[in-house]
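*Asks:* Sending over query.cif (mmCIF, N, CA and C atoms).
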data_target
#
loop_
_atom_site.group_PDB
_atom_site.id
_atom_site.type_symbol
_atom_site.label_atom_id
_atom_site.label_comp_id
_atom_site.auth_asym_id
_atom_site.auth_seq_id
_atom_site.Cartn_x
_atom_site.Cartn_y
_atom_site.Cartn_z
ATOM 1 N N MET H 1 178.373 107.167 -79.946
ATOM 2 C CA MET H 1 178.430 105.787 -79.514
ATOM 3 C C MET H 1 178.290 105.645 -78.008
ATOM 4 N N ALA H 2 178.318 106.718 -77.274
ATOM 5 C CA ALA H 2 178.174 106.636 -75.826
ATOM 6 C C ALA H 2 176.791 106.130 -75.450
ATOM 7 N N GLN H 3 175.804 106.421 -76.282
ATOM 8 C CA GLN H 3 174.456 105.961 -75.990
ATOM 9 C C GLN H 3 174.375 104.437 -76.050
ATOM 10 N N ALA H 4 175.102 103.823 -76.945
ATOM 11 C CA ALA H 4 175.046 102.377 -77.093
ATOM 12 C C ALA H 4 175.682 101.661 -75.909
ATOM 13 N N LEU H 5 176.572 102.311 -75.199
ATOM 14 C CA LEU H 5 177.254 101.677 -74.082
ATOM 15 C C LEU H 5 176.521 101.848 -72.761
ATOM 16 N N ARG H 6 175.569 102.739 -72.705
ATOM 17 C CA ARG H 6 174.820 102.963 -71.473
ATOM 18 C C ARG H 6 173.797 101.857 -71.258
ATOM 19 N N PRO H 7 173.751 101.237 -70.081
ATOM 20 C CA PRO H 7 172.759 100.189 -69.845
ATOM 21 C C PRO H 7 171.360 100.786 -69.699
ATOM 22 N N ASN H 8 170.383 100.005 -70.048
ATOM 23 C CA ASN H 8 168.992 100.424 -69.939
ATOM 24 C C ASN H 8 168.496 100.076 -68.539
ATOM 25 N N THR H 9 168.531 101.021 -67.627
ATOM 26 C CA THR H 9 168.097 100.766 -66.249
ATOM 27 C C THR H 9 166.642 101.141 -66.027
ATOM 28 N N ALA H 10 166.085 101.984 -66.852
ATOM 29 C CA ALA H 10 164.689 102.396 -66.695
ATOM 30 C C ALA H 10 163.805 101.544 -67.585
ATOM 31 N N GLY H 11 162.560 101.440 -67.206
ATOM 32 C CA GLY H 11 161.603 100.729 -68.040
ATOM 33 C C GLY H 11 161.451 99.284 -67.629
ATOM 34 N N SER H 12 160.733 98.562 -68.438
ATOM 35 C CA SER H 12 160.451 97.177 -68.136
ATOM 36 C C SER H 12 161.150 96.268 -69.133
ATOM 37 N N LEU H 13 160.976 94.986 -68.926
ATOM 38 C CA LEU H 13 161.590 93.996 -69.800
ATOM 39 C C LEU H 13 161.065 94.090 -71.230
ATOM 40 N N PHE H 14 159.806 94.429 -71.389
ATOM 41 C CA PHE H 14 159.189 94.435 -72.704
ATOM 42 C C PHE H 14 159.113 95.817 -73.337
ATOM 43 N N ALA H 15 159.560 96.839 -72.659
ATOM 44 C CA ALA H 15 159.488 98.190 -73.189
ATOM 45 C C ALA H 15 160.794 98.517 -73.916
ATOM 46 N N THR H 16 160.715 98.751 -75.206
ATOM 47 C CA THR H 16 161.900 99.081 -75.983
ATOM 48 C C THR H 16 162.118 100.579 -76.067
ATOM 49 N N ASP H 17 161.207 101.358 -75.528
ATOM 50 C CA ASP H 17 161.359 102.811 -75.582
ATOM 51 C C ASP H 17 161.964 103.382 -74.305
ATOM 52 N N GLY H 18 162.320 102.535 -73.354
ATOM 53 C CA GLY H 18 162.963 102.986 -72.133
ATOM 54 C C GLY H 18 162.025 103.537 -71.083
ATOM 55 N N LYS H 19 160.740 103.485 -71.313
ATOM 56 C CA LYS H 19 159.753 104.000 -70.356
ATOM 57 C C LYS H 19 159.024 102.822 -69.707
ATOM 58 N N PRO H 20 158.627 102.966 -68.458
ATOM 59 C CA PRO H 20 157.858 101.890 -67.825
ATOM 60 C C PRO H 20 156.424 101.856 -68.338
ATOM 61 N N HIS H 21 155.901 100.660 -68.502
ATOM 62 C CA HIS H 21 154.515 100.454 -68.928
ATOM 63 C C HIS H 21 153.864 99.440 -67.993
ATOM 64 N N PRO H 22 153.499 99.847 -66.786
ATOM 65 C CA PRO H 22 152.968 98.869 -65.818
ATOM 66 C C PRO H 22 151.626 98.264 -66.235
ATOM 67 N N LEU H 23 150.737 99.042 -66.812
ATOM 68 C CA LEU H 23 149.446 98.506 -67.242
ATOM 69 C C LEU H 23 149.633 97.483 -68.355
ATOM 70 N N GLN H 24 150.438 97.820 -69.329
ATOM 71 C CA GLN H 24 150.658 96.919 -70.459
ATOM 72 C C GLN H 24 151.362 95.637 -70.015
ATOM 73 N N ASP H 25 152.325 95.758 -69.110
ATOM 74 C CA ASP H 25 153.026 94.574 -68.616
ATOM 75 C C ASP H 25 152.089 93.677 -67.808
ATOM 76 N N THR H 26 151.199 94.278 -67.034
ATOM 77 C CA THR H 26 150.233 93.496 -66.273
ATOM 78 C C THR H 26 149.265 92.776 -67.193
ATOM 79 N N LEU H 27 148.766 93.480 -68.203
ATOM 80 C CA LEU H 27 147.866 92.841 -69.165
ATOM 81 C C LEU H 27 148.563 91.714 -69.918
ATOM 82 N N LEU H 28 149.833 91.915 -70.244
ATOM 83 C CA LEU H 28 150.601 90.879 -70.923
ATOM 84 C C LEU H 28 150.738 89.645 -70.042
ATOM 85 N N ALA H 29 151.094 89.830 -68.786
ATOM 86 C CA ALA H 29 151.261 88.695 -67.875
ATOM 87 C C ALA H 29 149.946 87.963 -67.646
ATOM 88 N N VAL H 30 148.868 88.709 -67.436
ATOM 89 C CA VAL H 30 147.560 88.088 -67.213
ATOM 90 C C VAL H 30 147.114 87.319 -68.448
ATOM 91 N N THR H 31 147.305 87.899 -69.626
ATOM 92 C CA THR H 31 146.901 87.226 -70.864
ATOM 93 C C THR H 31 147.703 85.948 -71.082
ATOM 94 N N LEU H 32 149.003 85.989 -70.821
ATOM 95 C CA LEU H 32 149.821 84.790 -70.986
ATOM 96 C C LEU H 32 149.425 83.692 -70.008
ATOM 97 N N VAL H 33 149.168 84.056 -68.751
ATOM 98 C CA VAL H 33 148.777 83.051 -67.756
ATOM 99 C C VAL H 33 147.416 82.453 -68.108
ATOM 100 N N LEU H 34 146.470 83.298 -68.485
ATOM 101 C CA LEU H 34 145.152 82.791 -68.871
ATOM 102 C C LEU H 34 145.233 81.943 -70.132
ATOM 103 N N GLY H 35 146.061 82.344 -71.076
ATOM 104 C CA GLY H 35 146.209 81.576 -72.315
ATOM 105 C C GLY H 35 146.801 80.206 -72.074
ATOM 106 N N VAL H 36 147.853 80.142 -71.266
ATOM 107 C CA VAL H 36 148.460 78.842 -70.963
ATOM 108 C C VAL H 36 147.477 77.967 -70.188
ATOM 109 N N THR H 37 146.769 78.553 -69.233
ATOM 110 C CA THR H 37 145.781 77.791 -68.460
ATOM 111 C C THR H 37 144.673 77.262 -69.362
ATOM 112 N N ALA H 38 144.155 78.107 -70.230
ATOM 113 C CA ALA H 38 143.084 77.680 -71.133
ATOM 114 C C ALA H 38 143.561 76.598 -72.087
ATOM 115 N N PHE H 39 144.772 76.751 -72.603
ATOM 116 C CA PHE H 39 145.293 75.781 -73.567
ATOM 117 C C PHE H 39 145.522 74.422 -72.905
ATOM 118 N N VAL H 40 146.139 74.435 -71.735
ATOM 119 C CA VAL H 40 146.449 73.163 -71.064
ATOM 120 C C VAL H 40 145.179 72.466 -70.582
ATOM 121 N N THR H 41 144.251 73.220 -70.011
ATOM 122 C CA THR H 41 143.019 72.580 -69.528
ATOM 123 C C THR H 41 142.106 72.155 -70.667
ATOM 124 N N ALA H 42 142.273 72.727 -71.843
ATOM 125 C CA ALA H 42 141.458 72.303 -72.985
ATOM 126 C C ALA H 42 141.834 70.910 -73.459
ATOM 127 N N LEU H 43 142.993 70.431 -73.075
ATOM 128 C CA LEU H 43 143.416 69.090 -73.469
ATOM 129 C C LEU H 43 142.695 68.008 -72.690
ATOM 130 N N PHE H 44 141.980 68.397 -71.634
ATOM 131 C CA PHE H 44 141.226 67.449 -70.814
ATOM 132 C C PHE H 44 139.725 67.733 -70.991
ATOM 133 N N HIS H 45 138.997 66.728 -71.417
ATOM 134 C CA HIS H 45 137.581 66.893 -71.756
ATOM 135 C C HIS H 45 136.747 67.373 -70.568
ATOM 136 N N ASN H 46 137.044 66.899 -69.371
ATOM 137 C CA ASN H 46 136.215 67.237 -68.211
ATOM 138 C C ASN H 46 136.517 68.617 -67.631
ATOM 139 N N LEU H 47 137.504 69.330 -68.151
ATOM 140 C CA LEU H 47 137.828 70.669 -67.657
ATOM 141 C C LEU H 47 137.344 71.753 -68.617
ATOM 142 N N HIS H 48 136.276 71.470 -69.348
ATOM 143 C CA HIS H 48 135.800 72.420 -70.367
ATOM 144 C C HIS H 48 135.303 73.725 -69.760
ATOM 145 N N LEU H 49 134.764 73.698 -68.541
ATOM 146 C CA LEU H 49 134.325 74.951 -67.922
ATOM 147 C C LEU H 49 135.512 75.875 -67.659
ATOM 148 N N LEU H 50 136.576 75.327 -67.113
ATOM 149 C CA LEU H 50 137.762 76.130 -66.824
ATOM 150 C C LEU H 50 138.416 76.630 -68.102
ATOM 151 N N SER H 51 138.549 75.763 -69.094
ATOM 152 C CA SER H 51 139.218 76.184 -70.331
ATOM 153 C C SER H 51 138.394 77.214 -71.100
ATOM 154 N N SER H 52 137.099 77.057 -71.147
ATOM 155 C CA SER H 52 136.290 78.015 -71.903
ATOM 156 C C SER H 52 136.232 79.380 -71.209
ATOM 157 N N TRP H 53 136.103 79.399 -69.889
ATOM 158 C CA TRP H 53 136.046 80.689 -69.178
ATOM 159 C C TRP H 53 137.387 81.396 -69.161
ATOM 160 N N THR H 54 138.476 80.662 -68.893
ATOM 161 C CA THR H 54 139.782 81.311 -68.905
ATOM 162 C C THR H 54 140.147 81.763 -70.308
ATOM 163 N N GLY H 55 139.746 81.002 -71.303
ATOM 164 C CA GLY H 55 139.988 81.418 -72.682
ATOM 165 C C GLY H 55 139.229 82.681 -73.041
ATOM 166 N N LEU H 56 137.982 82.758 -72.608
ATOM 167 C CA LEU H 56 137.178 83.951 -72.910
ATOM 168 C C LEU H 56 137.740 85.189 -72.225
ATOM 169 N N VAL H 57 138.095 85.070 -70.960
ATOM 170 C CA VAL H 57 138.678 86.209 -70.243
ATOM 171 C C VAL H 57 140.038 86.580 -70.844
ATOM 172 N N GLY H 58 140.817 85.565 -71.237
ATOM 173 C CA GLY H 58 142.103 85.817 -71.874
ATOM 174 C C GLY H 58 141.983 86.539 -73.197
ATOM 175 N N ILE H 59 140.935 86.232 -73.940
ATOM 176 C CA ILE H 59 140.694 86.930 -75.215
ATOM 177 C C ILE H 59 140.390 88.398 -74.956
ATOM 178 N N PHE H 60 139.568 88.679 -73.954
ATOM 179 C CA PHE H 60 139.231 90.072 -73.660
ATOM 180 C C PHE H 60 140.418 90.862 -73.121
ATOM 181 N N THR H 61 141.192 90.260 -72.196
ATOM 182 C CA THR H 61 142.350 90.978 -71.672
ATOM 183 C C THR H 61 143.410 91.168 -72.746
ATOM 184 N N GLY H 62 143.572 90.184 -73.618
ATOM 185 C CA GLY H 62 144.537 90.318 -74.708
ATOM 186 C C GLY H 62 144.121 91.362 -75.726
ATOM 187 N N ALA H 63 142.833 91.419 -76.015
ATOM 188 C CA ALA H 63 142.350 92.422 -76.967
ATOM 189 C C ALA H 63 142.525 93.833 -76.404
ATOM 190 N N TYR H 64 142.221 94.013 -75.131
ATOM 191 C CA TYR H 64 142.426 95.327 -74.528
ATOM 192 C C TYR H 64 143.911 95.653 -74.451
ATOM 193 N N GLY H 65 144.716 94.654 -74.157
ATOM 194 C CA GLY H 65 146.156 94.859 -74.126
ATOM 195 C C GLY H 65 146.711 95.268 -75.478
ATOM 196 N N GLN H 66 146.185 94.690 -76.540
ATOM 197 C CA GLN H 66 146.601 95.087 -77.890
ATOM 198 C C GLN H 66 146.213 96.534 -78.169
ATOM 199 N N TRP H 67 145.081 96.926 -77.666
ATOM 200 C CA TRP H 67 144.597 98.281 -77.912
ATOM 201 C C TRP H 67 145.471 99.327 -77.234
ATOM 202 N N VAL H 68 145.961 99.025 -76.015
ATOM 203 C CA VAL H 68 146.735 100.010 -75.267
ATOM 204 C C VAL H 68 148.244 99.768 -75.328
ATOM 205 N N SER H 69 148.686 98.712 -76.011
ATOM 206 C CA SER H 69 150.121 98.411 -76.044
ATOM 207 C C SER H 69 150.877 99.472 -76.831
ATOM 208 N N GLU H 70 152.160 99.632 -76.471
ATOM 209 C CA GLU H 70 152.963 100.685 -77.072
ATOM 210 C C GLU H 70 154.207 100.171 -77.779
ATOM 211 N N THR H 71 154.630 98.940 -77.505
ATOM 212 C CA THR H 71 155.850 98.439 -78.130
ATOM 213 C C THR H 71 155.576 97.113 -78.829
ATOM 214 N N THR H 72 156.468 96.761 -79.725
ATOM 215 C CA THR H 72 156.331 95.518 -80.478
ATOM 216 C C THR H 72 156.500 94.305 -79.581
ATOM 217 N N ARG H 73 157.380 94.391 -78.613
ATOM 218 C CA ARG H 73 157.578 93.262 -77.697
ATOM 219 C C ARG H 73 156.314 92.963 -76.903
ATOM 220 N N GLU H 74 155.623 93.978 -76.467
ATOM 221 C CA GLU H 74 154.361 93.767 -75.756
ATOM 222 C C GLU H 74 153.342 93.109 -76.675
ATOM 223 N N ARG H 75 153.252 93.579 -77.885
ATOM 224 C CA ARG H 75 152.285 93.031 -78.841
ATOM 225 C C ARG H 75 152.592 91.579 -79.178
ATOM 226 N N PHE H 76 153.874 91.245 -79.278
ATOM 227 C CA PHE H 76 154.256 89.873 -79.584
ATOM 228 C C PHE H 76 153.785 88.924 -78.492
ATOM 229 N N GLY H 77 154.047 89.257 -77.244
ATOM 230 C CA GLY H 77 153.594 88.419 -76.142
ATOM 231 C C GLY H 77 152.086 88.344 -76.041
ATOM 232 N N LEU H 78 151.425 89.459 -76.314
ATOM 233 C CA LEU H 78 149.962 89.466 -76.280
ATOM 234 C C LEU H 78 149.374 88.568 -77.360
ATOM 235 N N ILE H 79 149.983 88.546 -78.530
ATOM 236 C CA ILE H 79 149.493 87.676 -79.598
ATOM 237 C C ILE H 79 149.643 86.208 -79.216
ATOM 238 N N LEU H 80 150.755 85.862 -78.572
ATOM 239 C CA LEU H 80 150.919 84.477 -78.109
ATOM 240 C C LEU H 80 149.841 84.111 -77.086
ATOM 241 N N GLY H 81 149.596 85.002 -76.135
ATOM 242 C CA GLY H 81 148.563 84.753 -75.139
ATOM 243 C C GLY H 81 147.169 84.707 -75.739
ATOM 244 N N LEU H 82 146.919 85.597 -76.703
ATOM 245 C CA LEU H 82 145.617 85.603 -77.382
ATOM 246 C C LEU H 82 145.390 84.303 -78.153
ATOM 247 N N GLY H 83 146.410 83.833 -78.831
ATOM 248 C CA GLY H 83 146.281 82.589 -79.592
ATOM 249 C C GLY H 83 146.013 81.402 -78.692
ATOM 250 N N ALA H 84 146.754 81.296 -77.598
ATOM 251 C CA ALA H 84 146.534 80.194 -76.664
ATOM 252 C C ALA H 84 145.158 80.295 -76.010
ATOM 253 N N SER H 85 144.729 81.519 -75.695
ATOM 254 C CA SER H 85 143.402 81.713 -75.109
ATOM 255 C C SER H 85 142.311 81.314 -76.096
ATOM 256 N N ALA H 86 142.475 81.682 -77.343
ATOM 257 C CA ALA H 86 141.466 81.354 -78.355
ATOM 258 C C ALA H 86 141.376 79.850 -78.578
ATOM 259 N N VAL H 87 142.512 79.175 -78.672
ATOM 260 C CA VAL H 87 142.491 77.720 -78.846
ATOM 261 C C VAL H 87 141.839 77.060 -77.638
ATOM 262 N N GLY H 88 142.210 77.496 -76.439
ATOM 263 C CA GLY H 88 141.590 76.937 -75.236
ATOM 264 C C GLY H 88 140.103 77.216 -75.172
ATOM 265 N N PHE H 89 139.708 78.422 -75.559
ATOM 266 C CA PHE H 89 138.288 78.774 -75.557
ATOM 267 C C PHE H 89 137.498 77.912 -76.539
ATOM 268 N N PHE H 90 138.001 77.787 -77.755
ATOM 269 C CA PHE H 90 137.261 77.029 -78.774
ATOM 270 C C PHE H 90 137.212 75.540 -78.454
ATOM 271 N N LEU H 91 138.296 74.977 -77.930
ATOM 272 C CA LEU H 91 138.254 73.571 -77.539
ATOM 273 C C LEU H 91 137.340 73.368 -76.328
ATOM 274 N N GLY H 92 137.352 74.311 -75.398
ATOM 275 C CA GLY H 92 136.430 74.232 -74.265
ATOM 276 C C GLY H 92 134.982 74.316 -74.707
ATOM 277 N N MET H 93 134.714 75.163 -75.702
ATOM 278 C CA MET H 93 133.351 75.250 -76.235
ATOM 279 C C MET H 93 132.955 73.954 -76.943
ATOM 280 N N ALA H 94 133.895 73.340 -77.624
ATOM 281 C CA ALA H 94 133.597 72.088 -78.317
ATOM 282 C C ALA H 94 133.353 70.939 -77.339
ATOM 283 N N HIS H 95 133.976 71.001 -76.172
ATOM 284 C CA HIS H 95 133.823 69.931 -75.193
ATOM 285 C C HIS H 95 132.631 70.109 -74.275
ATOM 286 N N GLY H 96 131.957 71.236 -74.309
ATOM 287 C CA GLY H 96 130.785 71.408 -73.452
ATOM 288 C C GLY H 96 130.391 72.844 -73.213
ATOM 289 N N GLY H 97 131.265 73.770 -73.499
ATOM 290 C CA GLY H 97 130.901 75.163 -73.429
ATOM 291 C C GLY H 97 131.047 75.810 -72.071
ATOM 292 N N LEU H 98 130.545 77.033 -72.006
ATOM 293 C CA LEU H 98 130.658 77.842 -70.807
ATOM 294 C C LEU H 98 129.776 77.351 -69.674
ATOM 295 N N PHE H 99 128.633 76.773 -70.005
ATOM 296 C CA PHE H 99 127.687 76.324 -68.989
ATOM 297 C C PHE H 99 127.321 74.856 -69.161
ATOM 298 N N GLY H 100 128.077 74.103 -69.953
ATOM 299 C CA GLY H 100 127.733 72.702 -70.241
ATOM 300 C C GLY H 100 127.654 71.846 -69.000
ATOM 301 N N GLY H 101 126.504 71.256 -68.769
ATOM 302 C CA GLY H 101 126.323 70.378 -67.637
ATOM 303 C C GLY H 101 125.934 71.086 -66.353
ATOM 304 N N VAL H 102 125.966 72.415 -66.346
ATOM 305 C CA VAL H 102 125.644 73.158 -65.134
ATOM 306 C C VAL H 102 124.189 73.617 -65.153
ATOM 307 N N ILE H 103 123.755 74.128 -66.302
ATOM 308 C CA ILE H 103 122.391 74.639 -66.438
ATOM 309 C C ILE H 103 121.563 73.669 -67.287
ATOM 310 N N GLY H 104 120.456 73.258 -66.768
ATOM 311 C CA GLY H 104 119.505 72.465 -67.532
ATOM 312 C C GLY H 104 119.825 70.988 -67.633
ATOM 313 N N GLY H 105 121.020 70.599 -67.344
ATOM 314 C CA GLY H 105 121.424 69.194 -67.339
ATOM 315 C C GLY H 105 121.304 68.582 -68.642
#
Before we go any further, please render this structure as C-alpha cells.
*Replies:*
Amino acid sequence: MAQALRPNTAGSLFATDGKPHPLQDTLLAVTLVLGVTAFVTALFHNLHLLSSWTGLVGIFTGAYGQWVSETTRERFGLILGLGASAVGFFLGMAHGGLFGGVIGG
C-alpha cells in the first residue's frame, strides 16, 4: 500500500504510466486548440477559410497524435480535438471551402 500513498511527481497531466510524453502532450494541445478554433469559426459563414484550414490541420495533427499516443487519457483528448476539427472542417467546406472566393472568383 505504500505505492498508493506516494504522489505522482513525474510525468505529465495526461500520462497514466508515470513517464513524460512531451510530443504526445504537444500534439494533444495543438489538436484541441485547432479543433476549438475550427468549431467556433465554423459557426460564422464568412470565416469558412479559417474554419476549413484549421479543421484540416487539426485532423492531421490529431491523426498523428493518435498514432503515437501511449495512454488512454491522451487518446481521449485527441478524439475530442479530432471531432471538433472534423465538424469545423466539414462546415467550413460547406460554407465555401478551402479556397472559396479566393481563386477564380
*Asks:* Can you work out which one of H:Gly65, H:Gly88, H:Gly96, H:Gly83 has the shortest atom-to-atom distance to Thr41 in chain H, counting only C-alpha atoms?
*Replies:*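 Comparing H:Gly65, H:Gly88, H:Gly96, H:Gly83 against Thr41 in chain H, the winner is H:Gly88.
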*Asks:* Would you please work out which residue, of H:Leu78, H:Leu91, H:Leu43, H:Leu23, is nearest to Gly62 in chain H when using all atoms listed in the file?
*Replies:*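 Selected residue with least distance to Gly62 in chain H: H:Leu78.
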*Asks:* Just want the 12 Å neighbourhood of Glu74 in chain H, counted on only C-alpha atoms, with same-chain residues fewer than 3 positions away dropped. Output as an mmCIF file with N, CA and C atoms, keeping the file's coordinate frame.
*Replies:*
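Contents of around.cif, freshly written:
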data_model
loop_
_atom_site.group_PDB
_atom_site.id
_atom_site.type_symbol
_atom_site.label_atom_id
_atom_site.label_comp_id
_atom_site.auth_asym_id
_atom_site.auth_seq_id
_atom_site.Cartn_x
_atom_site.Cartn_y
_atom_site.Cartn_z
ATOM 1 N N SER H 12 160.733 98.562 -68.438
ATOM 2 C CA SER H 12 160.451 97.177 -68.136
ATOM 3 C C SER H 12 161.150 96.268 -69.133
ATOM 4 N N LEU H 13 160.976 94.986 -68.926
ATOM 5 C CA LEU H 13 161.590 93.996 -69.800
ATOM 6 C C LEU H 13 161.065 94.090 -71.230
ATOM 7 N N PHE H 14 159.806 94.429 -71.389
ATOM 8 C CA PHE H 14 159.189 94.435 -72.704
ATOM 9 C C PHE H 14 159.113 95.817 -73.337
ATOM 10 N N ALA H 15 159.560 96.839 -72.659
ATOM 11 C CA ALA H 15 159.488 98.190 -73.189
ATOM 12 C C ALA H 15 160.794 98.517 -73.916
ATOM 13 N N THR H 16 160.715 98.751 -75.206
ATOM 14 C CA THR H 16 161.900 99.081 -75.983
ATOM 15 C C THR H 16 162.118 100.579 -76.067
ATOM 16 N N ASP H 17 161.207 101.358 -75.528
ATOM 17 C CA ASP H 17 161.359 102.811 -75.582
ATOM 18 C C ASP H 17 161.964 103.382 -74.305
ATOM 19 N N PRO H 20 158.627 102.966 -68.458
ATOM 20 C CA PRO H 20 157.858 101.890 -67.825
ATOM 21 C C PRO H 20 156.424 101.856 -68.338
ATOM 22 N N HIS H 21 155.901 100.660 -68.502
ATOM 23 C CA HIS H 21 154.515 100.454 -68.928
ATOM 24 C C HIS H 21 153.864 99.440 -67.993
ATOM 25 N N PRO H 22 153.499 99.847 -66.786
ATOM 26 C CA PRO H 22 152.968 98.869 -65.818
ATOM 27 C C PRO H 22 151.626 98.264 -66.235
ATOM 28 N N LEU H 23 150.737 99.042 -66.812
ATOM 29 C CA LEU H 23 149.446 98.506 -67.242
ATOM 30 C C LEU H 23 149.633 97.483 -68.355
ATOM 31 N N GLN H 24 150.438 97.820 -69.329
ATOM 32 C CA GLN H 24 150.658 96.919 -70.459
ATOM 33 C C GLN H 24 151.362 95.637 -70.015
ATOM 34 N N ASP H 25 152.325 95.758 -69.110
ATOM 35 C CA ASP H 25 153.026 94.574 -68.616
ATOM 36 C C ASP H 25 152.089 93.677 -67.808
ATOM 37 N N THR H 26 151.199 94.278 -67.034
ATOM 38 C CA THR H 26 150.233 93.496 -66.273
ATOM 39 C C THR H 26 149.265 92.776 -67.193
ATOM 40 N N LEU H 27 148.766 93.480 -68.203
ATOM 41 C CA LEU H 27 147.866 92.841 -69.165
ATOM 42 C C LEU H 27 148.563 91.714 -69.918
ATOM 43 N N LEU H 28 149.833 91.915 -70.244
ATOM 44 C CA LEU H 28 150.601 90.879 -70.923
ATOM 45 C C LEU H 28 150.738 89.645 -70.042
ATOM 46 N N ALA H 29 151.094 89.830 -68.786
ATOM 47 C CA ALA H 29 151.261 88.695 -67.875
ATOM 48 C C ALA H 29 149.946 87.963 -67.646
ATOM 49 N N THR H 31 147.305 87.899 -69.626
ATOM 50 C CA THR H 31 146.901 87.226 -70.864
ATOM 51 C C THR H 31 147.703 85.948 -71.082
ATOM 52 N N LEU H 32 149.003 85.989 -70.821
ATOM 53 C CA LEU H 32 149.821 84.790 -70.986
ATOM 54 C C LEU H 32 149.425 83.692 -70.008
ATOM 55 N N GLY H 62 143.572 90.184 -73.618
ATOM 56 C CA GLY H 62 144.537 90.318 -74.708
ATOM 57 C C GLY H 62 144.121 91.362 -75.726
ATOM 58 N N GLY H 65 144.716 94.654 -74.157
ATOM 59 C CA GLY H 65 146.156 94.859 -74.126
ATOM 60 C C GLY H 65 146.711 95.268 -75.478
ATOM 61 N N GLN H 66 146.185 94.690 -76.540
ATOM 62 C CA GLN H 66 146.601 95.087 -77.890
ATOM 63 C C GLN H 66 146.213 96.534 -78.169
ATOM 64 N N TRP H 67 145.081 96.926 -77.666
ATOM 65 C CA TRP H 67 144.597 98.281 -77.912
ATOM 66 C C TRP H 67 145.471 99.327 -77.234
ATOM 67 N N VAL H 68 145.961 99.025 -76.015
ATOM 68 C CA VAL H 68 146.735 100.010 -75.267
ATOM 69 C C VAL H 68 148.244 99.768 -75.328
ATOM 70 N N SER H 69 148.686 98.712 -76.011
ATOM 71 C CA SER H 69 150.121 98.411 -76.044
ATOM 72 C C SER H 69 150.877 99.472 -76.831
ATOM 73 N N GLU H 70 152.160 99.632 -76.471
ATOM 74 C CA GLU H 70 152.963 100.685 -77.072
ATOM 75 C C GLU H 70 154.207 100.171 -77.779
ATOM 76 N N THR H 71 154.630 98.940 -77.505
ATOM 77 C CA THR H 71 155.850 98.439 -78.130
ATOM 78 C C THR H 71 155.576 97.113 -78.829
ATOM 79 N N GLY H 77 154.047 89.257 -77.244
ATOM 80 C CA GLY H 77 153.594 88.419 -76.142
ATOM 81 C C GLY H 77 152.086 88.344 -76.041
ATOM 82 N N LEU H 78 151.425 89.459 -76.314
ATOM 83 C CA LEU H 78 149.962 89.466 -76.280
ATOM 84 C C LEU H 78 149.374 88.568 -77.360
ATOM 85 N N ILE H 79 149.983 88.546 -78.530
ATOM 86 C CA ILE H 79 149.493 87.676 -79.598
ATOM 87 C C ILE H 79 149.643 86.208 -79.216
ATOM 88 N N LEU H 80 150.755 85.862 -78.572
ATOM 89 C CA LEU H 80 150.919 84.477 -78.109
ATOM 90 C C LEU H 80 149.841 84.111 -77.086
ATOM 91 N N GLY H 81 149.596 85.002 -76.135
ATOM 92 C CA GLY H 81 148.563 84.753 -75.139
ATOM 93 C C GLY H 81 147.169 84.707 -75.739
#
*Asks:* Using all atoms listed in the file, pick whichever of H:Ala86, H:Leu98, H:Ala63, H:Met93 has the shortest atom-to-atom distance to Leu34 in chain H.
*Replies:*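 Counting all atoms listed in the file, the residue closest to Leu34 in chain H is H:Ala86.
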*Asks:* Out of H:Tyr64, H:Arg73, H:Ala42, H:Gly18, which residue has the shortest atom-to-atom distance to Phe89 in chain H when counting all atoms listed in the file?
*Replies:*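 The shortest atom-to-atom distance to Phe89 in chain H comes from H:Ala42.
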*Asks:* One number please: atom C of Phe39 in chain H to atom C of Arg75 in chain H, in Å, one decimal.
*Replies:*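 Between these atoms lies a distance of 19.6 Å.
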*Asks:* Around range 47-60 of chain H, with edges along x, y and z and 6 Å added on all six sides, what centre and edge lengths do you get, in Å to one decimal, as JSON?
*Replies:*
{"center_x": 138.2, "center_y": 80.1, "center_z": -71.0, "size_x": 19.8, "size_y": 33.5, "size_z": 20.4}
*Asks:* Between CA of Leu82 in chain H and atom N of Thr61 in chain H, what is the distance, to one decimal in Å?
*Replies:* 8.3 Å
*Asks:* CA of Leu56 in chain H to atom C of Gly97 in chain H: how many Å, to one decimal?
*Replies:*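 Those two atoms sit 10.2 Å apart.
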*Asks:* As a PyMOL selection string, please: all residues of chain H that backbone DSSP puts in helix (DSSP H, G or I).
*Replies:* chain H and resi 2-5+22-42+45-68+72-95
*Asks:* Given only N, CA and C atoms as the basis, pick out the residue of H:His45, H:Ile59, H:Thr72, H:Lys19 nearest to Gly92 in chain H.
*Replies:*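 Counting only N, CA and C atoms, the residue closest to Gly92 in chain H is H:His45.
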*Asks:* Rank nothing, just name the residue among H:His95, H:Gly58, H:Gly100, H:Phe90 nearest to Phe44 in chain H, using all atoms listed in the file.
*Replies:*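 The answer is H:His95, which sits nearest to Phe44 in chain H.
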*Asks:* Put range 60-64 of chain H into a file with N, CA, C and O atoms, as a PDB file, in the first residue's frame.
*Replies:*
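What ended up in decode.pdb:
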ATOM      1  N   PHE H  60      -5.156  16.324 -39.253  1.00  0.00           N
ATOM      2  CA  PHE H  60      -3.856  15.684 -39.459  1.00  0.00           C
ATOM      3  C   PHE H  60      -3.050  15.567 -38.169  1.00  0.00           C
ATOM      4  O   PHE H  60      -2.445  14.534 -37.903  1.00  0.00           O
ATOM      5  N   THR H  61      -3.031  16.640 -37.353  1.00  0.00           N
ATOM      6  CA  THR H  61      -2.287  16.557 -36.100  1.00  0.00           C
ATOM      7  C   THR H  61      -2.935  15.571 -35.141  1.00  0.00           C
ATOM      8  O   THR H  61      -2.248  14.842 -34.422  1.00  0.00           O
ATOM      9  N   GLY H  62      -4.258  15.509 -35.138  1.00  0.00           N
ATOM     10  CA  GLY H  62      -4.947  14.549 -34.279  1.00  0.00           C
ATOM     11  C   GLY H  62      -4.726  13.114 -34.717  1.00  0.00           C
ATOM     12  O   GLY H  62      -4.565  12.215 -33.882  1.00  0.00           O
ATOM     13  N   ALA H  63      -4.709  12.894 -36.020  1.00  0.00           N
ATOM     14  CA  ALA H  63      -4.469  11.539 -36.521  1.00  0.00           C
ATOM     15  C   ALA H  63      -3.048  11.081 -36.189  1.00  0.00           C
ATOM     16  O   ALA H  63      -2.848   9.939 -35.749  1.00  0.00           O
ATOM     17  N   TYR H  64      -2.080  11.966 -36.352  1.00  0.00           N
ATOM     18  CA  TYR H  64      -0.713  11.599 -35.994  1.00  0.00           C
ATOM     19  C   TYR H  64      -0.589  11.406 -34.488  1.00  0.00           C
ATOM     20  O   TYR H  64       0.113  10.507 -34.026  1.00  0.00           O
TER      21      TYR H  64
END
